[in-house]
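Enquirer: final.cif is the file, holding mmCIF, N, CA and C atoms, pLDDT in the B column; chains and numbers go by the auth columns:
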```cif
data_run
#
loop_
_atom_site.group_PDB
_atom_site.id
_atom_site.type_symbol
_atom_site.label_atom_id
_atom_site.label_comp_id
_atom_site.label_asym_id
_atom_site.label_seq_id
_atom_site.Cartn_x
_atom_site.Cartn_y
_atom_site.Cartn_z
_atom_site.B_iso_or_equiv
_atom_site.auth_seq_id
_atom_site.auth_asym_id
ATOM 1 N N MET A 1 -93.962 -82.347 41.077 93.00 1 A
ATOM 2 C CA MET A 1 -92.745 -82.480 41.855 93.00 1 A
ATOM 3 C C MET A 1 -92.084 -81.105 41.929 93.00 1 A
ATOM 4 N N ILE A 2 -91.489 -80.824 43.073 95.00 2 A
ATOM 5 C CA ILE A 2 -90.802 -79.551 43.277 95.00 2 A
ATOM 6 C C ILE A 2 -89.296 -79.795 43.394 95.00 2 A
ATOM 7 N N ILE A 3 -88.528 -79.008 42.610 96.00 3 A
ATOM 8 C CA ILE A 3 -87.073 -78.976 42.737 96.00 3 A
ATOM 9 C C ILE A 3 -86.667 -77.514 42.851 96.00 3 A
ATOM 10 N N LYS A 4 -85.403 -77.250 43.019 96.00 4 A
ATOM 11 C CA LYS A 4 -84.893 -75.881 42.976 96.00 4 A
ATOM 12 C C LYS A 4 -83.979 -75.755 41.769 96.00 4 A
ATOM 13 N N VAL A 5 -84.161 -74.676 41.014 95.00 5 A
ATOM 14 C CA VAL A 5 -83.298 -74.384 39.877 95.00 5 A
ATOM 15 C C VAL A 5 -82.715 -73.002 40.117 95.00 5 A
ATOM 16 N N ASN A 6 -81.398 -72.947 40.234 94.00 6 A
ATOM 17 C CA ASN A 6 -80.698 -71.694 40.528 94.00 6 A
ATOM 18 C C ASN A 6 -81.293 -70.988 41.740 94.00 6 A
ATOM 19 N N GLY A 7 -81.604 -71.776 42.761 94.00 7 A
ATOM 20 C CA GLY A 7 -82.084 -71.226 44.029 94.00 7 A
ATOM 21 C C GLY A 7 -83.561 -70.906 44.075 94.00 7 A
ATOM 22 N N GLU A 8 -84.272 -71.091 42.974 95.00 8 A
ATOM 23 C CA GLU A 8 -85.693 -70.777 42.907 95.00 8 A
ATOM 24 C C GLU A 8 -86.524 -72.056 42.862 95.00 8 A
ATOM 25 N N ARG A 9 -87.668 -72.032 43.541 96.00 9 A
ATOM 26 C CA ARG A 9 -88.604 -73.154 43.517 96.00 9 A
ATOM 27 C C ARG A 9 -89.076 -73.367 42.086 96.00 9 A
ATOM 28 N N TYR A 10 -89.090 -74.618 41.637 94.00 10 A
ATOM 29 C CA TYR A 10 -89.447 -74.938 40.262 94.00 10 A
ATOM 30 C C TYR A 10 -90.336 -76.173 40.279 94.00 10 A
ATOM 31 N N GLU A 11 -91.550 -76.040 39.753 94.00 11 A
ATOM 32 C CA GLU A 11 -92.483 -77.158 39.731 94.00 11 A
ATOM 33 C C GLU A 11 -92.393 -77.885 38.400 94.00 11 A
ATOM 34 N N VAL A 12 -92.308 -79.208 38.471 92.00 12 A
ATOM 35 C CA VAL A 12 -92.161 -80.050 37.292 92.00 12 A
ATOM 36 C C VAL A 12 -93.334 -81.024 37.247 92.00 12 A
ATOM 37 N N ALA A 13 -93.959 -81.163 36.071 90.00 13 A
ATOM 38 C CA ALA A 13 -95.095 -82.072 35.933 90.00 13 A
ATOM 39 C C ALA A 13 -94.661 -83.538 35.904 90.00 13 A
ATOM 40 N N ALA A 14 -93.509 -83.803 35.292 86.00 14 A
ATOM 41 C CA ALA A 14 -93.028 -85.187 35.171 86.00 14 A
ATOM 42 C C ALA A 14 -92.618 -85.730 36.536 86.00 14 A
ATOM 43 N N PRO A 15 -92.880 -87.008 36.796 87.00 15 A
ATOM 44 C CA PRO A 15 -92.510 -87.571 38.095 87.00 15 A
ATOM 45 C C PRO A 15 -91.003 -87.709 38.308 87.00 15 A
ATOM 46 N N ARG A 16 -90.230 -87.965 37.258 89.00 16 A
ATOM 47 C CA ARG A 16 -88.767 -88.096 37.345 89.00 16 A
ATOM 48 C C ARG A 16 -88.141 -87.485 36.098 89.00 16 A
ATOM 49 N N PRO A 17 -88.151 -86.162 35.990 93.00 17 A
ATOM 50 C CA PRO A 17 -87.601 -85.541 34.780 93.00 17 A
ATOM 51 C C PRO A 17 -86.087 -85.730 34.698 93.00 17 A
ATOM 52 N N SER A 18 -85.596 -85.794 33.472 93.00 18 A
ATOM 53 C CA SER A 18 -84.147 -85.875 33.292 93.00 18 A
ATOM 54 C C SER A 18 -83.564 -84.472 33.364 93.00 18 A
ATOM 55 N N LEU A 19 -82.302 -84.412 33.610 93.00 19 A
ATOM 56 C CA LEU A 19 -81.603 -83.133 33.637 93.00 19 A
ATOM 57 C C LEU A 19 -81.711 -82.445 32.276 93.00 19 A
ATOM 58 N N SER A 20 -81.660 -83.211 31.200 92.00 20 A
ATOM 59 C CA SER A 20 -81.826 -82.651 29.854 92.00 20 A
ATOM 60 C C SER A 20 -83.166 -81.944 29.706 92.00 20 A
ATOM 61 N N GLU A 21 -84.223 -82.535 30.251 92.00 21 A
ATOM 62 C CA GLU A 21 -85.556 -81.920 30.180 92.00 21 A
ATOM 63 C C GLU A 21 -85.584 -80.592 30.926 92.00 21 A
ATOM 64 N N ILE A 22 -84.923 -80.523 32.069 93.00 22 A
ATOM 65 C CA ILE A 22 -84.886 -79.284 32.849 93.00 22 A
ATOM 66 C C ILE A 22 -84.083 -78.222 32.106 93.00 22 A
ATOM 67 N N LEU A 23 -82.969 -78.615 31.511 92.00 23 A
ATOM 68 C CA LEU A 23 -82.175 -77.676 30.718 92.00 23 A
ATOM 69 C C LEU A 23 -83.010 -77.111 29.571 92.00 23 A
ATOM 70 N N SER A 24 -83.680 -77.983 28.860 90.00 24 A
ATOM 71 C CA SER A 24 -84.495 -77.563 27.726 90.00 24 A
ATOM 72 C C SER A 24 -85.638 -76.644 28.158 90.00 24 A
ATOM 73 N N SER A 25 -86.325 -77.007 29.230 90.00 25 A
ATOM 74 C CA SER A 25 -87.460 -76.196 29.686 90.00 25 A
ATOM 75 C C SER A 25 -87.019 -74.842 30.241 90.00 25 A
ATOM 76 N N ASN A 26 -85.738 -74.702 30.541 89.00 26 A
ATOM 77 C CA ASN A 26 -85.205 -73.425 31.008 89.00 26 A
ATOM 78 C C ASN A 26 -84.486 -72.667 29.895 89.00 26 A
ATOM 79 N N GLY A 27 -84.662 -73.116 28.656 87.00 27 A
ATOM 80 C CA GLY A 27 -84.147 -72.393 27.507 87.00 27 A
ATOM 81 C C GLY A 27 -82.666 -72.557 27.234 87.00 27 A
ATOM 82 N N VAL A 28 -82.024 -73.548 27.847 85.00 28 A
ATOM 83 C CA VAL A 28 -80.603 -73.778 27.592 85.00 28 A
ATOM 84 C C VAL A 28 -80.493 -74.590 26.303 85.00 28 A
ATOM 85 N N GLN A 29 -79.984 -73.949 25.259 80.00 29 A
ATOM 86 C CA GLN A 29 -79.884 -74.616 23.968 80.00 29 A
ATOM 87 C C GLN A 29 -78.452 -75.041 23.649 80.00 29 A
ATOM 88 N N ALA A 30 -77.481 -74.309 24.143 80.00 30 A
ATOM 89 C CA ALA A 30 -76.076 -74.615 23.869 80.00 30 A
ATOM 90 C C ALA A 30 -75.444 -75.155 25.153 80.00 30 A
ATOM 91 N N ILE A 31 -75.516 -76.473 25.333 81.00 31 A
ATOM 92 C CA ILE A 31 -75.034 -77.048 26.592 81.00 31 A
ATOM 93 C C ILE A 31 -73.541 -76.862 26.794 81.00 31 A
ATOM 94 N N GLU A 32 -72.806 -76.550 25.715 81.00 32 A
ATOM 95 C CA GLU A 32 -71.368 -76.328 25.866 81.00 32 A
ATOM 96 C C GLU A 32 -71.064 -75.005 26.561 81.00 32 A
ATOM 97 N N THR A 33 -72.069 -74.162 26.766 82.00 33 A
ATOM 98 C CA THR A 33 -71.852 -72.869 27.424 82.00 33 A
ATOM 99 C C THR A 33 -72.236 -72.887 28.894 82.00 33 A
ATOM 100 N N VAL A 34 -72.621 -74.055 29.410 89.00 34 A
ATOM 101 C CA VAL A 34 -73.090 -74.131 30.791 89.00 34 A
ATOM 102 C C VAL A 34 -72.536 -75.380 31.466 89.00 34 A
ATOM 103 N N SER A 35 -72.180 -75.222 32.739 93.00 35 A
ATOM 104 C CA SER A 35 -71.873 -76.375 33.586 93.00 35 A
ATOM 105 C C SER A 35 -73.056 -76.539 34.518 93.00 35 A
ATOM 106 N N VAL A 36 -73.337 -77.770 34.893 95.00 36 A
ATOM 107 C CA VAL A 36 -74.513 -78.029 35.713 95.00 36 A
ATOM 108 C C VAL A 36 -74.101 -78.795 36.958 95.00 36 A
ATOM 109 N N GLN A 37 -74.641 -78.339 38.081 96.00 37 A
ATOM 110 C CA GLN A 37 -74.478 -79.054 39.341 96.00 37 A
ATOM 111 C C GLN A 37 -75.846 -79.553 39.797 96.00 37 A
ATOM 112 N N VAL A 38 -75.864 -80.757 40.326 97.00 38 A
ATOM 113 C CA VAL A 38 -77.050 -81.296 40.981 97.00 38 A
ATOM 114 C C VAL A 38 -76.643 -81.610 42.404 97.00 38 A
ATOM 115 N N ASN A 39 -77.300 -80.941 43.334 98.00 39 A
ATOM 116 C CA ASN A 39 -76.995 -81.109 44.761 98.00 39 A
ATOM 117 C C ASN A 39 -75.509 -80.885 45.054 98.00 39 A
ATOM 118 N N GLY A 40 -74.945 -79.870 44.386 96.00 40 A
ATOM 119 C CA GLY A 40 -73.566 -79.474 44.647 96.00 40 A
ATOM 120 C C GLY A 40 -72.504 -80.264 43.913 96.00 40 A
ATOM 121 N N GLU A 41 -72.907 -81.245 43.113 97.00 41 A
ATOM 122 C CA GLU A 41 -71.954 -82.077 42.371 97.00 41 A
ATOM 123 C C GLU A 41 -72.060 -81.770 40.878 97.00 41 A
ATOM 124 N N PHE A 42 -70.916 -81.529 40.221 96.00 42 A
ATOM 125 C CA PHE A 42 -70.929 -81.294 38.783 96.00 42 A
ATOM 126 C C PHE A 42 -71.339 -82.569 38.049 96.00 42 A
ATOM 127 N N VAL A 43 -72.105 -82.384 36.973 96.00 43 A
ATOM 128 C CA VAL A 43 -72.562 -83.497 36.152 96.00 43 A
ATOM 129 C C VAL A 43 -71.885 -83.396 34.788 96.00 43 A
ATOM 130 N N ASP A 44 -71.356 -84.505 34.306 95.00 44 A
ATOM 131 C CA ASP A 44 -70.740 -84.556 32.983 95.00 44 A
ATOM 132 C C ASP A 44 -71.833 -84.324 31.935 95.00 44 A
ATOM 133 N N PRO A 45 -71.579 -83.449 30.950 92.00 45 A
ATOM 134 C CA PRO A 45 -72.589 -83.191 29.919 92.00 45 A
ATOM 135 C C PRO A 45 -73.072 -84.448 29.189 92.00 45 A
ATOM 136 N N ASN A 46 -72.230 -85.457 29.092 93.00 46 A
ATOM 137 C CA ASN A 46 -72.643 -86.712 28.457 93.00 46 A
ATOM 138 C C ASN A 46 -73.705 -87.452 29.260 93.00 46 A
ATOM 139 N N ASP A 47 -73.873 -87.073 30.536 95.00 47 A
ATOM 140 C CA ASP A 47 -74.826 -87.755 31.407 95.00 47 A
ATOM 141 C C ASP A 47 -76.132 -86.997 31.597 95.00 47 A
ATOM 142 N N TYR A 48 -76.280 -85.828 30.987 92.00 48 A
ATOM 143 C CA TYR A 48 -77.476 -85.011 31.208 92.00 48 A
ATOM 144 C C TYR A 48 -78.767 -85.773 30.937 92.00 48 A
ATOM 145 N N SER A 49 -78.791 -86.602 29.914 91.00 49 A
ATOM 146 C CA SER A 49 -80.031 -87.310 29.568 91.00 49 A
ATOM 147 C C SER A 49 -80.294 -88.522 30.453 91.00 49 A
ATOM 148 N N THR A 50 -79.290 -88.956 31.203 94.00 50 A
ATOM 149 C CA THR A 50 -79.477 -90.145 32.046 94.00 50 A
ATOM 150 C C THR A 50 -79.636 -89.810 33.528 94.00 50 A
ATOM 151 N N VAL A 51 -79.472 -88.545 33.892 94.00 51 A
ATOM 152 C CA VAL A 51 -79.630 -88.140 35.294 94.00 51 A
ATOM 153 C C VAL A 51 -81.093 -87.795 35.525 94.00 51 A
ATOM 154 N N ASP A 52 -81.785 -88.624 36.306 93.00 52 A
ATOM 155 C CA ASP A 52 -83.171 -88.361 36.671 93.00 52 A
ATOM 156 C C ASP A 52 -83.196 -87.613 37.997 93.00 52 A
ATOM 157 N N LEU A 53 -84.010 -86.581 38.043 95.00 53 A
ATOM 158 C CA LEU A 53 -84.085 -85.755 39.248 95.00 53 A
ATOM 159 C C LEU A 53 -85.169 -86.270 40.187 95.00 53 A
ATOM 160 N N LYS A 54 -84.975 -85.979 41.465 95.00 54 A
ATOM 161 C CA LYS A 54 -85.901 -86.395 42.507 95.00 54 A
ATOM 162 C C LYS A 54 -86.457 -85.155 43.203 95.00 54 A
ATOM 163 N N PRO A 55 -87.582 -85.285 43.916 95.00 55 A
ATOM 164 C CA PRO A 55 -88.101 -84.131 44.650 95.00 55 A
ATOM 165 C C PRO A 55 -87.025 -83.538 45.559 95.00 55 A
ATOM 166 N N ASP A 56 -87.013 -82.223 45.634 95.00 56 A
ATOM 167 C CA ASP A 56 -86.097 -81.444 46.469 95.00 56 A
ATOM 168 C C ASP A 56 -84.660 -81.393 45.956 95.00 56 A
ATOM 169 N N ASP A 57 -84.371 -81.979 44.780 97.00 57 A
ATOM 170 C CA ASP A 57 -83.034 -81.814 44.208 97.00 57 A
ATOM 171 C C ASP A 57 -82.792 -80.342 43.920 97.00 57 A
ATOM 172 N N GLU A 58 -81.529 -79.954 43.976 97.00 58 A
ATOM 173 C CA GLU A 58 -81.131 -78.580 43.667 97.00 58 A
ATOM 174 C C GLU A 58 -80.233 -78.600 42.442 97.00 58 A
ATOM 175 N N VAL A 59 -80.674 -77.880 41.415 96.00 59 A
ATOM 176 C CA VAL A 59 -79.966 -77.814 40.142 96.00 59 A
ATOM 177 C C VAL A 59 -79.457 -76.389 39.957 96.00 59 A
ATOM 178 N N ASP A 60 -78.189 -76.265 39.627 96.00 60 A
ATOM 179 C CA ASP A 60 -77.600 -74.946 39.372 96.00 60 A
ATOM 180 C C ASP A 60 -76.932 -74.952 38.014 96.00 60 A
ATOM 181 N N PHE A 61 -77.237 -73.914 37.217 92.00 61 A
ATOM 182 C CA PHE A 61 -76.596 -73.711 35.928 92.00 61 A
ATOM 183 C C PHE A 61 -75.511 -72.660 36.112 92.00 61 A
ATOM 184 N N LEU A 62 -74.312 -72.976 35.695 89.00 62 A
ATOM 185 C CA LEU A 62 -73.188 -72.049 35.789 89.00 62 A
ATOM 186 C C LEU A 62 -72.734 -71.734 34.375 89.00 62 A
ATOM 187 N N TYR A 63 -72.948 -70.493 33.952 81.00 63 A
ATOM 188 C CA TYR A 63 -72.658 -70.098 32.577 81.00 63 A
ATOM 189 C C TYR A 63 -71.236 -69.582 32.434 81.00 63 A
ATOM 190 N N PHE A 64 -70.635 -69.924 31.305 70.00 64 A
ATOM 191 C CA PHE A 64 -69.312 -69.404 30.968 70.00 64 A
ATOM 192 C C PHE A 64 -69.477 -68.036 30.333 70.00 64 A
ATOM 193 N N LEU A 65 -68.679 -67.092 30.777 66.00 65 A
ATOM 194 C CA LEU A 65 -68.707 -65.753 30.207 66.00 65 A
ATOM 195 C C LEU A 65 -67.339 -65.460 29.607 66.00 65 A
ATOM 196 N N GLY A 66 -67.347 -64.939 28.406 65.00 66 A
ATOM 197 C CA GLY A 66 -66.098 -64.573 27.761 65.00 66 A
ATOM 198 C C GLY A 66 -65.622 -63.216 28.266 65.00 66 A
ATOM 199 N N GLY A 67 -64.400 -62.975 28.084 64.00 67 A
ATOM 200 C CA GLY A 67 -63.849 -61.689 28.491 64.00 67 A
ATOM 201 C C GLY A 67 -62.343 -61.736 28.416 64.00 67 A
ATOM 202 N N GLY A 68 -61.752 -60.689 28.835 61.00 68 A
ATOM 203 C CA GLY A 68 -60.300 -60.678 28.818 61.00 68 A
ATOM 204 C C GLY A 68 -59.785 -59.277 29.036 61.00 68 A
ATOM 205 N N SER A 69 -58.524 -59.135 28.881 61.00 69 A
ATOM 206 C CA SER A 69 -57.858 -57.865 29.076 61.00 69 A
ATOM 207 C C SER A 69 -58.089 -56.943 27.896 61.00 69 A
ATOM 208 N N SER A 70 -58.122 -55.669 28.172 62.00 70 A
ATOM 209 C CA SER A 70 -58.302 -54.698 27.098 62.00 70 A
ATOM 210 C C SER A 70 -56.967 -54.265 26.516 62.00 70 A
ATOM 211 N N ARG A 71 -55.900 -54.878 26.963 62.00 71 A
ATOM 212 C CA ARG A 71 -54.565 -54.534 26.446 62.00 71 A
ATOM 213 C C ARG A 71 -54.255 -55.250 25.188 62.00 71 A
#
```
Rewrite the structure of this file - the entire thing - as structure tokens.
Expert:
Amino acid sequence: MIIKVNGERYEVAAPRPSLSEILSSNGVQAIETVSVQVNGEFVDPNDYSTVDLKPDDEVDFLYFLGGGSSR
């Protein structure tokens, strides 16, 4: 099955992988540092294991970056 992950074509062996499986296979270990969209809709982190992906779904990982003023 083919999906897109962060705009790139991504081939998955499983017929209906969960979002958790995609996160894990992409090396995301700390889910609290990333927000995830599927087809432009944010997914609650509590639902990552129950969201099954379909062919042509688009998954985007949005990472939180720390920072601040130097003052």
Enquirer: Quick check on the file I pasted: which residues fall under the PyMOL selection byres ((chain A and resi 38-46) around 6.5)? Write them as a list in words.
Expert: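 Selected by the PyMOL selection byres ((chain A and resi 38-46) around 6.5) in this file: Ser35, Val36, Gln37, Asp47, Tyr48, Ser49, Thr50, Asp57, Glu58, Val59 and Asp60 of chain A.
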Enquirer: For N, CA and C atoms, I'd like the residues from the last selection saved as an mmCIF file, in the frame of the given file.
Expert:
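Resulting contents of again_10.cif:
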```cif
data_model
loop_
_atom_site.group_PDB
_atom_site.id
_atom_site.type_symbol
_atom_site.label_atom_id
_atom_site.label_comp_id
_atom_site.auth_asym_id
_atom_site.auth_seq_id
_atom_site.Cartn_x
_atom_site.Cartn_y
_atom_site.Cartn_z
ATOM 1 N N SER A 35 -72.180 -75.222 32.739
ATOM 2 C CA SER A 35 -71.873 -76.375 33.586
ATOM 3 C C SER A 35 -73.056 -76.539 34.518
ATOM 4 N N VAL A 36 -73.337 -77.770 34.893
ATOM 5 C CA VAL A 36 -74.513 -78.029 35.713
ATOM 6 C C VAL A 36 -74.101 -78.795 36.958
ATOM 7 N N GLN A 37 -74.641 -78.339 38.081
ATOM 8 C CA GLN A 37 -74.478 -79.054 39.341
ATOM 9 C C GLN A 37 -75.846 -79.553 39.797
ATOM 10 N N ASP A 47 -73.873 -87.073 30.536
ATOM 11 C CA ASP A 47 -74.826 -87.755 31.407
ATOM 12 C C ASP A 47 -76.132 -86.997 31.597
ATOM 13 N N TYR A 48 -76.280 -85.828 30.987
ATOM 14 C CA TYR A 48 -77.476 -85.011 31.208
ATOM 15 C C TYR A 48 -78.767 -85.773 30.937
ATOM 16 N N SER A 49 -78.791 -86.602 29.914
ATOM 17 C CA SER A 49 -80.031 -87.310 29.568
ATOM 18 C C SER A 49 -80.294 -88.522 30.453
ATOM 19 N N THR A 50 -79.290 -88.956 31.203
ATOM 20 C CA THR A 50 -79.477 -90.145 32.046
ATOM 21 C C THR A 50 -79.636 -89.810 33.528
ATOM 22 N N ASP A 57 -84.371 -81.979 44.780
ATOM 23 C CA ASP A 57 -83.034 -81.814 44.208
ATOM 24 C C ASP A 57 -82.792 -80.342 43.920
ATOM 25 N N GLU A 58 -81.529 -79.954 43.976
ATOM 26 C CA GLU A 58 -81.131 -78.580 43.667
ATOM 27 C C GLU A 58 -80.233 -78.600 42.442
ATOM 28 N N VAL A 59 -80.674 -77.880 41.415
ATOM 29 C CA VAL A 59 -79.966 -77.814 40.142
ATOM 30 C C VAL A 59 -79.457 -76.389 39.957
ATOM 31 N N ASP A 60 -78.189 -76.265 39.627
ATOM 32 C CA ASP A 60 -77.600 -74.946 39.372
ATOM 33 C C ASP A 60 -76.932 -74.952 38.014
#
```
Enquirer: Pick from A:Thr33, A:Ser18, A:Asn26, A:Asn6: nearest to Asp52 in chain A, with only N, CA and C atoms counted?
Expert: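 Checking each candidate against Asp52 in chain A, we get A:Ser18 as the closest.
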Enquirer: Please indicate the distance in Å from CA of Ile2 in chain A to CA of Lys54 in chain A, rounded to one decimal place.
Expert: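 These two atoms are separated by 8.5 Å.
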Enquirer: Can you check which residues of range 4-67 of chain A DSSP gives as alpha helix (DSSP H) on the backbone and send them as a list in words?
Expert: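 Written out, the alpha helix (DSSP H) residues of range 4-67 of chain A are Leu19, Ser20, Glu21, Ile22, Leu23, Ser24 and Ser25 of chain A.
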Enquirer: For the selection just defined, write its residues with N, CA and C atoms to a file, as an mmCIF file, in the frame of the given file.
Expert:
```cif
data_model
loop_
_atom_site.group_PDB
_atom_site.id
_atom_site.type_symbol
_atom_site.label_atom_id
_atom_site.label_comp_id
_atom_site.auth_asym_id
_atom_site.auth_seq_id
_atom_site.Cartn_x
_atom_site.Cartn_y
_atom_site.Cartn_z
ATOM 1 N N LEU A 19 -82.302 -84.412 33.610
ATOM 2 C CA LEU A 19 -81.603 -83.133 33.637
ATOM 3 C C LEU A 19 -81.711 -82.445 32.276
ATOM 4 N N SER A 20 -81.660 -83.211 31.200
ATOM 5 C CA SER A 20 -81.826 -82.651 29.854
ATOM 6 C C SER A 20 -83.166 -81.944 29.706
ATOM 7 N N GLU A 21 -84.223 -82.535 30.251
ATOM 8 C CA GLU A 21 -85.556 -81.920 30.180
ATOM 9 C C GLU A 21 -85.584 -80.592 30.926
ATOM 10 N N ILE A 22 -84.923 -80.523 32.069
ATOM 11 C CA ILE A 22 -84.886 -79.284 32.849
ATOM 12 C C ILE A 22 -84.083 -78.222 32.106
ATOM 13 N N LEU A 23 -82.969 -78.615 31.511
ATOM 14 C CA LEU A 23 -82.175 -77.676 30.718
ATOM 15 C C LEU A 23 -83.010 -77.111 29.571
ATOM 16 N N SER A 24 -83.680 -77.983 28.860
ATOM 17 C CA SER A 24 -84.495 -77.563 27.726
ATOM 18 C C SER A 24 -85.638 -76.644 28.158
ATOM 19 N N SER A 25 -86.325 -77.007 29.230
ATOM 20 C CA SER A 25 -87.460 -76.196 29.686
ATOM 21 C C SER A 25 -87.019 -74.842 30.241
#
```
Enquirer: By how many Å are atom N of Leu62 in chain A and CA of Arg16 in chain A apart?
Expert: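 Distance reported for this atom pair: 21.0 Å.
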Enquirer: Which residues are close to Pro17 in chain A, i.e. within 6 Å by all atoms listed in the file, leaving aside same-chain residues fewer than 5 positions away? Reply as a ChimeraX atom specification.
Expert: /A:22,51-53
Enquirer: I'd like the interatomic distance between CA of Leu23 in chain A and atom C of Phe61 in chain A, to a tenth of an Å.
Expert: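 Straight-line distance from CA of Leu23 in chain A to atom C of Phe61 in chain A works out to 9.9 Å.
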Enquirer: Let's see if you can do this: from backbone DSSP, list all strand (DSSP E or B) residues in chain A, as number ranges by chain.
Expert: A: 2-5, 8-11, 18, 34-38, 41-43, 52, 58-63
Enquirer: As lines of an AutoDock Vina configuration file, please report the centre and edge lengths, rounded to one decimal in Å, of the axis-aligned box that holds all listed atoms of range 34-37 of chain A with 6 Å of padding on each of the six sides.
Expert:
```
center_x = -73.9
center_y = -76.8
center_z = 34.6
size_x = 16.0
size_y = 17.5
size_z = 22.4
```
Enquirer: On this structure, which residues satisfy the PyMOL selection byres (((chain A and resi 3 and name CA) around 7) and name CA), written as a ChimeraX atom specification?
Expert: /A:1-2,4-5,9-11,55-58
